[in-house]
Structure formats: C-alpha cells, structure tokens
Amino acid sequence: MKMKKNSVLNMTYAAFLIALGIVIPMVMPVRIVIGPASYTLASHVPVMLAMFVSPLVAVLVALGTAFGFFMTAPFIIGMRALSHVIFAFFGALYLQKRPSIVYSPKKMIMFNIVLGLVHALFETLIVTFFFMTDGLGEASYTMGFFQSVIVLVGVGGFVHSLIDFSIAYMIAQKIGTRFSFPVYLAAKK
C-alpha cells in the first residue's frame with residue numbers, strides 16, 4: 001500500500017509542478033529576451049523543486065515544462081527547455097544519493113554552481129547548433145557568436161540558473177519536510 005501511496009504522491013507532485021512550470025512563463029512580469037537568450041524569473045523553479053522529490057519526477061517535470069515552452073515560445077527556447085531533462089535528472093540523482101546535503105549551506109552552494117554550469121553548458125550547446133546552422137535571428141549574427149551565445153546564453157543562463165535554484169532551495173527548505181519531499185525525509189534519518 002505504501003508504494004501505491006508514493007506513486008500517487010509523486011504523480012501529484014509532477015502534475016502540480018508541470019502546471020506551475022507552464023504557468024510561470026505565461027504570467028511572470030520579469031522576462032527579458034535578447035536574441036537567443038531569454039530570462040524569465042523563476043521559470044526553472046518547478047523543475048528544480050522536482051529534484052527534491054525524485055529523478056523520475058524531475059524528468060517528468062522537465063519534459064512537461066518543455067512541452068509548455070514548445071507551445072508558447074520559439075522552437076529554440078523549447079529546445080533549451082528540453083535540455084533541462086539532463087540537469088534535472090542528474091541533480092535529482094545526486095540529491096537522492098546524498099540527501100543530507102540539504103542541511104549544509106556550503107555544499108548546497110557548490111551543488112548550485114555545478115548544476116548551473118551543467119544547465120548553461122547544455123543550453124549553450126543547443127544554441128551553438130542553431131547558430132552554426134543559421135537557425136537564429138539576424139541580430140544574433142550581428143552580435144556575433146561570443147556575445148550572443150557564450151555571454152547571453154552561457155553566462156546569462158548560468159546566472160539565471162543560480163538565481164532560480166536559490167529560490168527553489170529556499171522554498172524546499174520551508175516545505176520539504178511538511179510536504180514529504182523524499183530528499184528531506186531521507187535527510188532527517
């Protein structure tokens with residue numbers, strides 16, 4: 001019976017976080033779009049919260065939110081969102097194997113930095129592919145590869161990831177135990 005309860009709970013988390021991940025880009029007033037880069041405050045928070053539940057839920061939320069981006073944003077932004085499956089899966093796997101990290105601010109800062117680097121790397125690789133195959137707007141080519149891809153997507157994406165994970169972590173710290181996030185339950189043991 002416990003397995004069935006956990007399955008329903010995980011499905012509920014996934015559904016709620018996917019819905020939140022689709023709604024945030026639609027209603028968030030803090031949104032900046034410059035060429036192939038886009039920064040919507042808190043747009044990664046649902047995926048990052050899902051990492052505190054399980055790798056499966058993190059992947060489902062990343063896929064669900066990517067679907068939302070494909071429906072509401074240019075294709076390249078949808079592809080960037082789809083790349084979140086990678087950092088979400090490995091981030092959740094790491095948290096699952098080392099749950100006590102949630103109570104170590106120094107380790108969580110390092111986790112956030114590594115997560116941000118992986119996140120920015122894969123988004124940069126996707127935009128590089130589009131850049132090399134003439135799949136971006138004219139403004140991106142006018143700015144050049146370094147500015148439009150490395151600076152805006154790479155560095156900007158890294159900073160965006162750091163901010164969004166900090167928000168997700170603050171939320172998780174407040175609700176992780178109360179809402180029975182598995183990583184927090186394991187960390188308490």
# chains A, B, ... in the order shown; residues from 1 in each chain; ligands from 1
$ select_by_dssp --residues "range 26-124 of chain A" --states "strand (DSSP E or B)" --output "count of residues only"
8
$ select_by_dssp --residues "chain A" --states "alpha helix (DSSP H)" --output "VMD selection string"
chain A and resid 2 to 27 45 to 50 55 to 72 75 to 82 84 to 97 105 to 132 138 to 143 145 156 to 175 182 to 188
$ write_last_selection --atoms "C-alpha atoms" --output "compact mmCIF listing (two decimals), in the first residue's frame"
# COMPACT_ATOMS: atom_id res chain seq x y z
CA LYS A 2 2.91 2.37 0.74
CA MET A 3 4.24 2.01 -2.82
CA LYS A 4 0.82 2.95 -4.24
CA LYS A 5 0.64 5.97 -1.91
CA ASN A 6 4.12 7.10 -3.01
CA SER A 7 3.19 6.68 -6.68
CA VAL A 8 0.09 8.82 -6.25
CA LEU A 9 2.06 11.42 -4.29
CA ASN A 10 4.82 11.54 -6.93
CA MET A 11 2.24 11.81 -9.72
CA THR A 12 0.59 14.67 -7.81
CA TYR A 13 3.93 16.47 -7.36
CA ALA A 14 4.72 16.03 -11.05
CA ALA A 15 1.31 17.30 -12.18
CA PHE A 16 1.39 20.32 -9.86
CA LEU A 17 4.96 21.26 -10.76
CA ILE A 18 4.35 20.83 -14.50
CA ALA A 19 1.30 23.09 -14.25
CA LEU A 20 3.32 25.64 -12.29
CA GLY A 21 6.17 25.38 -14.80
CA ILE A 22 3.80 26.12 -17.68
CA VAL A 23 2.04 29.00 -15.92
CA ILE A 24 5.14 30.85 -14.65
CA PRO A 25 6.45 31.87 -18.11
CA MET A 26 2.96 32.96 -19.09
CA VAL A 27 2.34 35.29 -16.14
CA VAL A 45 11.93 26.67 -10.05
CA PRO A 46 9.35 23.87 -10.68
CA VAL A 47 11.98 21.63 -12.32
CA MET A 48 14.45 22.39 -9.56
CA LEU A 49 11.86 21.68 -6.84
CA ALA A 50 11.12 18.36 -8.55
CA PRO A 55 14.84 11.67 -10.59
CA LEU A 56 11.67 10.38 -12.29
CA VAL A 57 9.58 13.33 -11.12
CA ALA A 58 12.36 15.74 -12.12
CA VAL A 59 12.47 14.29 -15.64
CA LEU A 60 8.67 14.34 -15.96
CA VAL A 61 8.51 17.96 -14.85
CA ALA A 62 11.34 18.93 -17.23
CA LEU A 63 9.50 17.21 -20.10
CA GLY A 64 6.17 18.78 -19.15
CA THR A 65 7.56 22.28 -18.84
CA ALA A 66 9.47 21.86 -22.12
CA PHE A 67 6.15 20.97 -23.77
CA GLY A 68 4.74 24.20 -22.35
CA PHE A 69 7.63 26.18 -23.82
CA PHE A 70 7.18 24.49 -27.22
CA MET A 71 3.53 25.64 -27.11
CA THR A 72 4.22 29.24 -26.05
CA PHE A 75 11.33 26.49 -31.04
CA ILE A 76 14.85 27.26 -29.84
CA ILE A 77 13.55 28.17 -26.38
CA GLY A 78 11.58 24.93 -26.32
CA MET A 79 14.76 23.03 -27.20
CA ARG A 80 16.64 24.83 -24.43
CA ALA A 81 13.87 23.85 -22.01
CA LEU A 82 14.07 20.25 -23.21
CA HIS A 84 16.66 20.67 -18.63
CA VAL A 85 15.98 16.93 -18.52
CA ILE A 86 19.75 16.43 -18.21
CA PHE A 87 20.49 18.69 -15.24
CA ALA A 88 17.19 17.74 -13.57
CA PHE A 89 17.89 14.00 -13.74
CA PHE A 90 21.49 14.18 -12.55
CA GLY A 91 20.73 16.82 -9.93
CA ALA A 92 17.87 14.72 -8.52
CA LEU A 93 20.02 11.59 -8.59
CA TYR A 94 22.74 13.38 -6.64
CA LEU A 95 20.25 14.70 -4.07
CA GLN A 96 18.72 11.23 -3.73
CA LYS A 97 22.13 9.67 -3.03
CA PRO A 105 24.54 25.63 3.01
CA LYS A 106 28.16 25.41 1.77
CA LYS A 107 27.53 22.11 -0.03
CA MET A 108 24.29 23.44 -1.49
CA ILE A 109 26.14 26.47 -2.86
CA MET A 110 28.61 24.14 -4.59
CA PHE A 111 25.72 21.98 -5.82
CA ASN A 112 24.04 25.11 -7.20
CA ILE A 113 27.23 26.16 -9.03
CA VAL A 114 27.76 22.72 -10.61
CA LEU A 115 24.08 22.49 -11.51
CA GLY A 116 24.25 25.96 -13.07
CA LEU A 117 27.32 25.03 -15.10
CA VAL A 118 25.69 21.85 -16.45
CA HIS A 119 22.46 23.74 -17.14
CA ALA A 120 24.25 26.56 -19.00
CA LEU A 121 26.54 24.15 -20.89
CA PHE A 122 23.69 22.18 -22.46
CA GLU A 123 21.68 25.29 -23.32
CA THR A 124 24.81 26.79 -24.88
CA LEU A 125 25.41 23.62 -26.92
CA ILE A 126 21.85 23.77 -28.28
CA VAL A 127 22.11 27.43 -29.22
CA THR A 128 25.56 26.80 -30.76
CA PHE A 129 23.97 24.18 -33.03
CA PHE A 130 21.31 26.68 -34.11
CA PHE A 131 23.97 29.37 -34.58
CA MET A 132 26.13 27.10 -36.76
CA GLU A 138 19.81 38.21 -37.78
CA ALA A 139 20.51 40.12 -34.56
CA SER A 140 22.36 37.10 -33.12
CA TYR A 141 24.74 37.03 -36.08
CA THR A 142 25.24 40.81 -35.89
CA MET A 143 26.27 40.45 -32.22
CA PHE A 145 28.94 34.07 -31.59
CA GLY A 156 23.47 34.74 -18.59
CA GLY A 157 21.98 31.26 -18.33
CA PHE A 158 24.41 30.34 -15.57
CA VAL A 159 23.43 33.39 -13.51
CA HIS A 160 19.73 32.73 -14.21
CA SER A 161 20.17 29.14 -13.03
CA LEU A 162 21.90 30.27 -9.82
CA ILE A 163 19.06 32.65 -9.02
CA ASP A 164 16.29 30.18 -9.78
CA PHE A 165 17.92 27.37 -7.81
CA SER A 166 18.36 29.71 -4.84
CA ILE A 167 14.61 30.41 -4.99
CA ALA A 168 13.81 26.69 -5.31
CA TYR A 169 16.10 25.81 -2.42
CA MET A 170 14.54 28.47 -0.16
CA ILE A 171 11.09 27.09 -0.97
CA ALA A 172 12.24 23.49 -0.44
CA GLN A 173 13.75 24.41 2.92
CA LYS A 174 10.37 25.76 4.02
CA ILE A 175 8.13 22.99 2.65
CA PRO A 182 11.72 12.27 -0.21
CA VAL A 183 15.11 14.01 -0.13
CA TYR A 184 14.12 15.87 3.05
CA LEU A 185 12.63 12.78 4.64
CA ALA A 186 15.84 10.84 3.92
CA ALA A 187 17.97 13.72 5.23
CA LYS A 188 16.15 13.65 8.57
$ atom_distance --atom1 "CA of Thr177 in chain A" --atom2 "CA of Ser83 in chain A"
28.8 Å
$ closest_residue --among "A:Thr133, A:Val153, A:Arg98, A:Ile32" --to "Phe52 in chain A" --atoms "only C-alpha atoms"
A:Arg98
$ closest_residue --among "A:Val102, A:Leu136, A:Ile150, A:Val155" --to "Gly35 in chain A" --atoms "only C-alpha atoms"
A:Leu136
$ atom_distance --atom1 "CA of Pro29 in chain A" --atom2 "CA of Met51 in chain A"
25.3 Å
$ closest_residue --among "A:Ile101, A:Ala37, A:Ala42, A:Ala73" --to "Leu152 in chain A" --atoms "only C-alpha atoms"
A:Ala37
$ closest_residue --among "A:Pro36, A:Phe181, A:Arg31, A:Val149" --to "Pro99 in chain A" --atoms "only C-alpha atoms"
A:Phe181
$ atom_distance --atom1 "CA of Phe179 in chain A" --atom2 "CA of Thr40 in chain A"
26.1 Å
